[in-house]
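Below is my_file09.cif, which holds mmCIF, C-alpha atoms; chains and numbers go by the auth columns.
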```cif
data_protein
#
loop_
_atom_site.group_PDB
_atom_site.id
_atom_site.type_symbol
_atom_site.label_atom_id
_atom_site.label_comp_id
_atom_site.label_asym_id
_atom_site.label_seq_id
_atom_site.Cartn_x
_atom_site.Cartn_y
_atom_site.Cartn_z
_atom_site.B_iso_or_equiv
_atom_site.auth_seq_id
_atom_site.auth_asym_id
ATOM 1 C CA MET A 1 8.071 11.011 -12.291 0.00 21 A
ATOM 2 C CA SER A 2 11.711 10.306 -11.782 0.00 22 A
ATOM 3 C CA GLY A 3 13.784 9.076 -8.890 0.00 23 A
ATOM 4 C CA ASN A 4 14.282 12.590 -7.472 0.00 24 A
ATOM 5 C CA VAL A 5 10.763 13.015 -6.046 0.00 25 A
ATOM 6 C CA ASP A 6 10.413 14.467 -2.529 0.00 26 A
ATOM 7 C CA TYR A 7 8.880 11.424 -0.855 0.00 27 A
ATOM 8 C CA SER A 8 8.615 13.234 2.494 0.00 28 A
ATOM 9 C CA ALA A 9 5.536 14.969 1.040 0.00 29 A
ATOM 10 C CA ILE A 10 3.811 11.653 0.321 0.00 30 A
ATOM 11 C CA THR A 11 1.352 9.861 2.588 0.00 31 A
ATOM 12 C CA TRP A 12 1.345 6.100 2.005 0.00 32 A
ATOM 13 C CA SER A 13 -1.753 4.138 2.915 0.00 33 A
ATOM 14 C CA VAL A 14 -3.505 0.796 2.751 0.00 34 A
ATOM 15 C CA GLU A 15 -7.225 0.892 2.033 0.00 35 A
ATOM 16 C CA ILE A 16 -9.520 -2.008 2.844 0.00 36 A
ATOM 17 C CA TYR A 17 -12.759 -2.728 0.985 0.00 37 A
ATOM 18 C CA GLU A 18 -15.411 -5.372 1.430 0.00 38 A
ATOM 19 C CA LYS A 19 -14.900 -7.995 -1.251 0.00 39 A
ATOM 20 C CA ASP A 20 -18.639 -8.419 -1.837 0.00 40 A
ATOM 21 C CA GLY A 21 -20.078 -5.008 -2.645 0.00 41 A
ATOM 22 C CA ASP A 22 -16.872 -2.917 -2.578 0.00 42 A
ATOM 23 C CA LYS A 23 -17.872 -1.054 0.607 0.00 43 A
ATOM 24 C CA PHE A 24 -14.988 0.988 2.074 0.00 44 A
ATOM 25 C CA ILE A 25 -13.984 -0.460 5.466 0.00 45 A
ATOM 26 C CA LYS A 26 -10.859 1.299 6.709 0.00 46 A
ATOM 27 C CA GLU A 27 -7.648 3.117 5.810 0.00 47 A
ATOM 28 C CA TYR A 28 -4.277 2.653 7.477 0.00 48 A
ATOM 29 C CA VAL A 29 -1.666 5.372 7.043 0.00 49 A
ATOM 30 C CA ILE A 30 1.717 3.667 6.718 0.00 50 A
ATOM 31 C CA ASP A 31 4.268 6.001 8.310 0.00 51 A
ATOM 32 C CA LYS A 32 7.375 3.948 8.782 0.00 52 A
ATOM 33 C CA VAL A 33 7.875 2.260 5.441 0.00 53 A
ATOM 34 C CA SER A 34 10.924 3.177 3.373 0.00 54 A
ATOM 35 C CA VAL A 35 10.745 4.098 -0.286 0.00 55 A
ATOM 36 C CA SER A 36 13.319 1.391 -1.039 0.00 56 A
ATOM 37 C CA ASP A 37 11.035 -1.210 0.615 0.00 57 A
ATOM 38 C CA ILE A 38 8.069 0.078 -1.392 0.00 58 A
ATOM 39 C CA ARG A 39 10.064 -0.199 -4.607 0.00 59 A
ATOM 40 C CA ARG A 40 11.199 -3.712 -3.688 0.00 60 A
ATOM 41 C CA ILE A 41 7.691 -5.010 -2.911 0.00 61 A
ATOM 42 C CA LEU A 42 6.316 -3.383 -6.094 0.00 62 A
ATOM 43 C CA ASN A 43 9.261 -4.583 -8.231 0.00 63 A
ATOM 44 C CA LYS A 44 10.025 -1.001 -9.345 0.00 64 A
ATOM 45 C CA ASN A 45 13.451 0.439 -10.052 0.00 65 A
ATOM 46 C CA THR A 46 14.649 3.915 -9.006 0.00 66 A
ATOM 47 C CA TYR A 47 13.276 5.663 -12.078 0.00 67 A
ATOM 48 C CA ASP A 48 9.888 3.938 -12.219 0.00 68 A
ATOM 49 C CA SER A 49 6.953 5.889 -10.874 0.00 69 A
ATOM 50 C CA ILE A 50 5.420 4.326 -7.782 0.00 70 A
ATOM 51 C CA PHE A 51 2.426 6.678 -7.680 0.00 71 A
ATOM 52 C CA ASP A 52 -0.456 4.380 -8.429 0.00 72 A
ATOM 53 C CA THR A 53 -2.888 2.162 -6.572 0.00 73 A
ATOM 54 C CA TYR A 54 -1.790 -1.441 -6.173 0.00 74 A
ATOM 55 C CA PHE A 55 -4.056 -4.407 -5.486 0.00 75 A
ATOM 56 C CA PHE A 56 -2.636 -6.745 -2.838 0.00 76 A
ATOM 57 C CA ASP A 57 -1.303 -10.146 -3.708 0.00 77 A
ATOM 58 C CA GLU A 58 0.018 -12.652 -1.137 0.00 78 A
ATOM 59 C CA GLU A 59 3.509 -11.136 -1.117 0.00 79 A
ATOM 60 C CA MET A 60 2.165 -7.638 -0.451 0.00 80 A
ATOM 61 C CA ALA A 61 -0.168 -8.972 2.240 0.00 81 A
ATOM 62 C CA ASN A 62 2.760 -10.636 4.010 0.00 82 A
ATOM 63 C CA PHE A 63 4.863 -7.477 3.785 0.00 83 A
ATOM 64 C CA PHE A 64 2.178 -5.025 4.950 0.00 84 A
ATOM 65 C CA GLN A 65 0.966 -7.288 7.756 0.00 85 A
ATOM 66 C CA ASN A 66 3.838 -5.748 9.762 0.00 86 A
ATOM 67 C CA TYR A 67 2.206 -2.302 9.401 0.00 87 A
ATOM 68 C CA ILE A 68 -1.431 -3.192 10.046 0.00 88 A
ATOM 69 C CA ASP A 69 -2.735 -4.099 13.494 0.00 89 A
ATOM 70 C CA GLU A 70 -5.368 -6.536 12.270 0.00 90 A
ATOM 71 C CA LYS A 71 -5.008 -9.798 10.383 0.00 91 A
ATOM 72 C CA ILE A 72 -5.046 -9.322 6.625 0.00 92 A
ATOM 73 C CA ASP A 73 -7.757 -11.570 5.198 0.00 93 A
ATOM 74 C CA LEU A 74 -7.557 -11.658 1.394 0.00 94 A
ATOM 75 C CA SER A 75 -10.504 -14.057 1.206 0.00 95 A
ATOM 76 C CA LYS A 76 -12.834 -11.534 2.886 0.00 96 A
ATOM 77 C CA TYR A 77 -11.468 -8.102 1.893 0.00 97 A
ATOM 78 C CA ASP A 78 -9.715 -6.372 -0.994 0.00 98 A
ATOM 79 C CA TYR A 79 -6.625 -4.379 0.003 0.00 99 A
ATOM 80 C CA PHE A 80 -4.991 -1.564 -1.939 0.00 100 A
ATOM 81 C CA PHE A 81 -1.727 0.294 -1.390 0.00 101 A
ATOM 82 C CA GLY A 82 -0.981 3.764 -2.702 0.00 102 A
ATOM 83 C CA GLY A 83 0.498 7.161 -2.043 0.00 103 A
ATOM 84 C CA TYR A 84 -0.836 10.689 -2.251 0.00 104 A
ATOM 85 C CA ARG A 85 0.537 14.161 -1.582 0.00 105 A
ATOM 86 C CA LYS A 86 -0.078 15.533 1.907 0.00 106 A
#
```

Whole structure given in structure tokens:
Amino acid sequence: MSGNVDYSAITWSVEIYEKDGDKFIKEYVIDKVSVSDIRRILNKNTYDSIFDTYFFDEEMANFFQNYIDEKIDLSKYDYFFGGYRK
């Protein structure tokens, strides 16, 4: 995919899974994040595809903490960020 994708048709979300056992816990839809911020946090340029699932590291946890109303706990849960078409 190129840089001319209609991102208004994409729903961005963070999914949380139990670290031990991989049980799905919760999904947060991230409405107010800009595509430029997503590219920055993922280290992607304008022409790189950003449609994938990304495992959280510390930097992503710090960034997405602003969009999630509970404390991100990387020692207890696995967090993933991704986008899908509405």

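Residues matched by the PyMOL selection byres ((chain A and resi 78) around 12) in this file are Ile61, Phe75, Phe76, Asp77, Glu79, Met80, Ala81, Asn82, Phe83, Phe84, Gln85, Ile92, Asp93, Leu94, Ser95, Asp98 and Tyr99 of chain A.
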
Hits from the PyMOL selection byres ((chain A and resi 38) around 12), listed as an NGL selection string
:A and (35-37 or 39-46 or 93-100)

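Considering all atoms listed in the file, the residue among A:Tyr104, A:Phe71, A:Tyr27, A:Tyr48 positioned nearest to Tyr87 (chain A) is A:Tyr48.
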
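We find CA of Lys106 (chain A) and CA of Thr31 (chain A) to be spaced 5.9 Å apart.
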
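Proximity of A:Asp72, A:Asp89, A:Arg59, A:Ser33 to Glu47 (chain A), computed with all atoms listed in the file, is greatest for A:Ser33.
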
Just how far from CA of Val49 (chain A) is CA of Ile88 (chain A), in Å to one decimal?
9.1 Å

Let me know the centre plus edge lengths, in Å and rounded to one decimal, of a box with edges along x, y and z that contains all listed atoms of region 64-68 of chain A and is padded by 4 Å on every side, as AutoDock Vina command-line options.
```
--center_x 12.3 --center_y 2.3 --center_z -10.6 --size_x 12.8 --size_y 14.7 --size_z 11.2
```

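Going from CA of Gly103 (chain A) over to CA of Ile70 (chain A), you cover 8.1 Å.
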
Selection result of the PyMOL selection byres ((chain A and resi 58) around 10) on this file, as a ChimeraX atom specification
/A:32,53-57,59-64,70,80,83,101-102
